[in-house]
Every structure is written in C-alpha cells, then in structure tokens.
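*Asks:* Following this message is one structure expressed as structure tokens.
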Amino acid sequence: MKIRRLLRTIGLLFLGVASAAAAKKEPPAPASDVRVAKLYEGLEFRNIGPFRGGRVDAVAGVRGQPLVYYFGGTGGGVWKTVDGGSNWQAMSDKDFKTGSVGALAVSESDPNVIYAGMGEAAIRGNVSHGDGVYKSTDAGKTWKNVGLEKTYQISRVRVHPRNPDLVYVAAQGHVWSSNPERGVYRSKDGGRTWDRVLFVSEKTGACDLAMDPSNPRILYAGMWQVYRKPWTLESGGTESGLYRTTDGGDTWKKLTEGLPDGIVGISGVAISPARPERVWAIIESKEKGGVYRSDDGGEKWTRTNTENKLRQRAWYYSRI
C-alpha cells in the first residue's frame, strides 16, 4: 500500500508539471538535463530535519563534496548529513559538555579537520552559553575541547585554506556581564595554544569574521558592544565597528571612512571571492544603518541600502 501511494504521488507530480506545461502551450522539452530540471519545477522548499537539533546558527559544507554538510544546533550539538539532508546523524553527543554551537568551520585543505565554536551567537533572552572550541580530526566522529572555555559565545571560526592548523576565532563573550575573554583569537598549532590578536574592551566582543579567499592574511572583524538583561538587550556603543588586518592578525585598523559613527550596534561582513577588494557590510545604527560596500578593501565605504526590513532584529539577522 505504501509503495502504491508513493507511485501515485509521483504520478500526480509528473501530471501536474505536464499539465502546467500544456496550459502554457510550451513545446515538448528535449530529452536532456533541461527536461529533467523541469520535472522539479512544482517542488517547494520543505523542512528536511532533523527535529532534535534546535535553532541553527552554524552551517558548514565540504568543498568538493556537495552532499556533505554539518550544522550546529543551539541545544543539539553538531549534526552531519552525507546525502544532502535526507538523513542526519548526531556527531557530538558523547564528547561535548555543552550543546549550543555558535560557529562551525571545515578545513578546505583537510576536510577531516573541523572546528566548532560553542555558544549561540544570536543572543536571545533564552540564550545558551558554550565552553570554548572543540576540534575533530576524523570528520566529526570524535571531538576534543581545545580551549577558550571562558569565551561563552563564539560567532565565527575561520580556517586558513591551506593550513588546517592556522585558525581564527571570533569570541563574542559573556551575554550577561563584562568579560575579559572577548575578541579575536588565533592559533597556529591547531588549537594547542591561542593568542588574542584583537581586543577592544571587556564590553565589546567579536560578532563576525571574514577571511579574504585570495589572501588569507587579510581578515575583517565586526566588533559589537552589547549586553543583555533579563528584560532587554542593550545593543550598541562607541566601541562597536569594523576592523581589518593585512598581516594575519598581528595588527588591526579600525575602518571609519563612510561608515556610521557614534552609537553603532552589531555588524556583519563578507568579501567577494570574485573581486576581493569589494567588501560588504550590514551595520546596525539608528541614523545611518544599512548595507555598505567598499571597493578598495575597506578604506572607503558607501551606503547602498537603507531598508529597515533588512535590519529588524539586528542581533539575530546581521549576516551578509
């Protein structure tokens, strides 16, 4: 009976597509990939699970393996699919001491190496904290905590494209109080030791981190002055803003020309792989917030979009 219902459903799908094509008086599709693609026009996006992972802040794919993905739930640890999402497997239950994942990164040069930054970065009122960075060297089968336990919330992890041991972590810090462990951290030995390479203050943490795909010595960091109270979120301050390094994190420059000044909140940043000198940012600011673009590697910025709908609930959706 189940097989009969499945075949009937597939038949209805094909019939629906064929009927739509007939209604439009389209010529018969050629026997090619184009025809195969048209069979799926009636399909819609759907939730493919799993249904125990929780909200998701962190997703990572594997270069060259289009069916392999990982995601980090805010209460369910790390999950993995090897069939494009048809099936998911929990990968971290036996090794993680906390379940909230804020960031994931898979090494391009060695996809067996995965870093998970713990602690939900979107700091809701019911946010869960983390306990640093976990590392896997066997594609997620086992994990080991490699430090930064007091960073609490980690927003991004970036791995050098040719060196799986060179890794950067954007630590957002404690949600409810000042926290000296905020900032951007770098490890050159796969997480055995860490150096904090960017620090603004105990009130301001790193909310985003982007690495230039053509030159991994160039990184951009979003810094966010923020704290929560049980009844409100205090987002923004004069310490927030965008920073850039061109020497792999040894020195940083705050970027200001064309960007909002004064009270600034969270920011997201991304680099164009096709044209690396083009950098995009979305910035929370009451008067001058919006989407910004730089065409000279961050020296000068122009606001390209001011729509408020892109910045509502900025603490949740400031990714670009």
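Convention: chains lettered A, B, ... in structure tokens order; per-chain residue numbering from 1; ligands numbered from 1 as shown.
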Could you pull out the strand (DSSP E or B) residues of range 78-214 of chain A from DSSP and send them as a ChimeraX atom specification?
*Replies:* /A:78-81,89-90,101-106,114-118,133-136,144-145,154-159,167-171,183-187,195-198,201,204-211
*Asks:* Using C-alpha atoms, can you export the residues from the last selection as a PDB file, in the first residue's frame?
*Replies:*
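After the write, selection_22.pdb holds the following:
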ATOM      1  CA  VAL A  78      26.794  19.063  15.761  1.00  0.00           C
ATOM      2  CA  TRP A  79      24.876  17.069  13.135  1.00  0.00           C
ATOM      3  CA  LYS A  80      26.083  15.666   9.796  1.00  0.00           C
ATOM      4  CA  THR A  81      24.491  14.557   6.528  1.00  0.00           C
ATOM      5  CA  GLN A  89      23.352  11.913  12.368  1.00  0.00           C
ATOM      6  CA  ALA A  90      24.217  13.476  15.720  1.00  0.00           C
ATOM      7  CA  VAL A 101      27.052  25.669  18.814  1.00  0.00           C
ATOM      8  CA  GLY A 102      27.721  29.203  17.576  1.00  0.00           C
ATOM      9  CA  ALA A 103      30.120  28.558  14.684  1.00  0.00           C
ATOM     10  CA  LEU A 104      31.475  25.744  12.505  1.00  0.00           C
ATOM     11  CA  ALA A 105      34.393  25.612  10.076  1.00  0.00           C
ATOM     12  CA  VAL A 106      35.677  22.750   7.930  1.00  0.00           C
ATOM     13  CA  ILE A 114      36.524  20.584  11.821  1.00  0.00           C
ATOM     14  CA  TYR A 115      36.333  23.307  14.461  1.00  0.00           C
ATOM     15  CA  ALA A 116      33.191  24.038  16.465  1.00  0.00           C
ATOM     16  CA  GLY A 117      32.891  27.286  18.396  1.00  0.00           C
ATOM     17  CA  MET A 118      30.442  26.888  21.243  1.00  0.00           C
ATOM     18  CA  VAL A 133      36.303  25.385  20.909  1.00  0.00           C
ATOM     19  CA  TYR A 134      36.025  21.709  20.008  1.00  0.00           C
ATOM     20  CA  LYS A 135      38.100  20.107  17.245  1.00  0.00           C
ATOM     21  CA  SER A 136      37.609  16.928  15.236  1.00  0.00           C
ATOM     22  CA  LYS A 144      38.302  17.273  21.752  1.00  0.00           C
ATOM     23  CA  ASN A 145      37.986  20.582  23.586  1.00  0.00           C
ATOM     24  CA  ILE A 154      31.575  32.276  19.679  1.00  0.00           C
ATOM     25  CA  SER A 155      30.226  33.869  16.499  1.00  0.00           C
ATOM     26  CA  ARG A 156      32.675  32.711  13.796  1.00  0.00           C
ATOM     27  CA  VAL A 157      35.567  30.344  13.144  1.00  0.00           C
ATOM     28  CA  ARG A 158      37.820  30.769  10.100  1.00  0.00           C
ATOM     29  CA  VAL A 159      40.482  28.294   8.950  1.00  0.00           C
ATOM     30  CA  VAL A 167      42.597  29.030  12.786  1.00  0.00           C
ATOM     31  CA  TYR A 168      40.871  32.225  13.939  1.00  0.00           C
ATOM     32  CA  VAL A 169      38.005  32.507  16.415  1.00  0.00           C
ATOM     33  CA  ALA A 170      35.644  35.458  16.899  1.00  0.00           C
ATOM     34  CA  ALA A 171      34.686  35.442  20.589  1.00  0.00           C
ATOM     35  CA  GLY A 183      37.909  39.479  20.946  1.00  0.00           C
ATOM     36  CA  VAL A 184      39.581  37.656  18.044  1.00  0.00           C
ATOM     37  CA  TYR A 185      41.877  34.710  18.809  1.00  0.00           C
ATOM     38  CA  ARG A 186      44.424  32.947  16.605  1.00  0.00           C
ATOM     39  CA  SER A 187      46.034  29.543  16.877  1.00  0.00           C
ATOM     40  CA  ASP A 195      46.837  34.237  21.160  1.00  0.00           C
ATOM     41  CA  ARG A 196      44.286  37.027  21.379  1.00  0.00           C
ATOM     42  CA  VAL A 197      45.139  39.253  18.419  1.00  0.00           C
ATOM     43  CA  LEU A 198      42.283  41.787  18.648  1.00  0.00           C
ATOM     44  CA  SER A 201      37.373  46.078  25.825  1.00  0.00           C
ATOM     45  CA  THR A 204      32.919  44.602  23.226  1.00  0.00           C
ATOM     46  CA  GLY A 205      33.229  41.219  21.529  1.00  0.00           C
ATOM     47  CA  ALA A 206      33.734  39.912  18.008  1.00  0.00           C
ATOM     48  CA  CYS A 207      30.402  39.330  16.236  1.00  0.00           C
ATOM     49  CA  ASP A 208      31.690  38.373  12.780  1.00  0.00           C
ATOM     50  CA  LEU A 209      34.908  37.476  10.976  1.00  0.00           C
ATOM     51  CA  ALA A 210      35.628  37.223   7.246  1.00  0.00           C
ATOM     52  CA  MET A 211      38.797  35.934   5.564  1.00  0.00           C
TER      53      MET A 211
END
*Asks:* Could you pull the residues within 9 Å of Gly76 in chain A, counting only C-alpha atoms, minus those fewer than 3 positions along the same chain, as a PyMOL selection string?
*Replies:* chain A and resi 52-55+72-73+79+90+92-93+98-101
*Asks:* Could you pull the residues within 8 Å of His174 in chain A, counting only C-alpha atoms, minus those fewer than 6 positions along the same chain, as a PDB file with N, CA and C atoms, in the first residue's frame?
*Replies:*
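Output (out02.pdb):
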ATOM      1  N   HIS A 129      24.983  29.287  26.754  1.00  0.00           N
ATOM      2  CA  HIS A 129      26.407  29.578  26.626  1.00  0.00           C
ATOM      3  C   HIS A 129      27.170  28.334  26.180  1.00  0.00           C
ATOM      4  N   THR A 151      35.133  31.977  26.741  1.00  0.00           N
ATOM      5  CA  THR A 151      34.627  32.918  25.735  1.00  0.00           C
ATOM      6  C   THR A 151      33.100  32.936  25.696  1.00  0.00           C
ATOM      7  N   TYR A 152      32.448  31.896  26.167  1.00  0.00           N
ATOM      8  CA  TYR A 152      30.993  31.803  26.346  1.00  0.00           C
ATOM      9  C   TYR A 152      30.207  31.761  25.039  1.00  0.00           C
ATOM     10  N   GLN A 153      30.317  32.792  24.193  1.00  0.00           N
ATOM     11  CA  GLN A 153      29.589  32.796  22.918  1.00  0.00           C
ATOM     12  C   GLN A 153      30.615  33.035  21.799  1.00  0.00           C
ATOM     13  N   ARG A 182      36.828  38.403  25.611  1.00  0.00           N
ATOM     14  CA  ARG A 182      36.260  38.759  24.311  1.00  0.00           C
ATOM     15  C   ARG A 182      37.372  39.051  23.295  1.00  0.00           C
ATOM     16  N   TYR A 227      25.264  43.927  25.764  1.00  0.00           N
ATOM     17  CA  TYR A 227      24.992  43.042  26.891  1.00  0.00           C
ATOM     18  C   TYR A 227      23.485  42.885  27.032  1.00  0.00           C
TER      19      TYR A 227
END
*Asks:* Enter the distance from CA of Gly249 in chain A to CA of Gly191 in chain A, in Å, rounded to one decimal.
*Replies:* 15.9 Å
*Asks:* Please measure the separation of CA of Thr142 in chain A and CA of Asn112 in chain A, giving the value in Å to one decimal.
*Replies:*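 Calculated distance between CA of Thr142 in chain A and CA of Asn112 in chain A is 10.7 Å.
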*Asks:* Tell me, in Å to one decimal, how far CA of Gly140 in chain A is from CA of Pro216 in chain A.
*Replies:* 24.7 Å
*Asks:* Find, counting only C-alpha atoms, the residue in A:Ala274, A:Pro50, A:Glu120, A:Trp88 that gets nearest to Pro213 in chain A.
*Replies:* A:Ala274
*Asks:* Determine, counting only C-alpha atoms, which protein, DNA and RNA residues have an atom within 8 Å of an atom of Trp280 in chain A; residues of the same chain fewer than 5 positions away are not included. Present the result as number ranges by chain.
*Replies:* A: 269-272, 291-294, 320
*Asks:* Restricted to C-alpha atoms, what would the selected residues look like written as a PDB file, in the first residue's frame?
*Replies:*
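So selection_18.pdb came out as:
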ATOM      1  CA  VAL A 269      30.913  41.486   6.910  1.00  0.00           C
ATOM      2  CA  ALA A 270      31.668  39.480   3.754  1.00  0.00           C
ATOM      3  CA  ILE A 271      34.286  39.574   0.977  1.00  0.00           C
ATOM      4  CA  SER A 272      33.623  38.976  -2.715  1.00  0.00           C
ATOM      5  CA  VAL A 291      24.146  47.800   3.806  1.00  0.00           C
ATOM      6  CA  TYR A 292      27.551  49.258   2.947  1.00  0.00           C
ATOM      7  CA  ARG A 293      30.008  48.473   0.165  1.00  0.00           C
ATOM      8  CA  SER A 294      33.715  49.137  -0.188  1.00  0.00           C
ATOM      9  CA  ILE A 320      25.623  39.251   4.679  1.00  0.00           C
TER      10      ILE A 320
END
*Asks:* Write out as a PyMOL selection string which residues come within 12 Å of Gly297 in chain A when counting only C-alpha atoms, dropping same-chain ones fewer than 6 positions away.
*Replies:* chain A and resi 211-212+215+218-220+243-246+255+257+269-272+275-281
*Asks:* Kindly indicate which residue among A:Arg35, A:Arg192, A:Arg228, A:Arg319 lies nearest to Asn126 in chain A, using only C-alpha atoms for the distances.
*Replies:*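 Looking only at the distances to Asn126 in chain A, the closest residue turns out to be A:Arg228.
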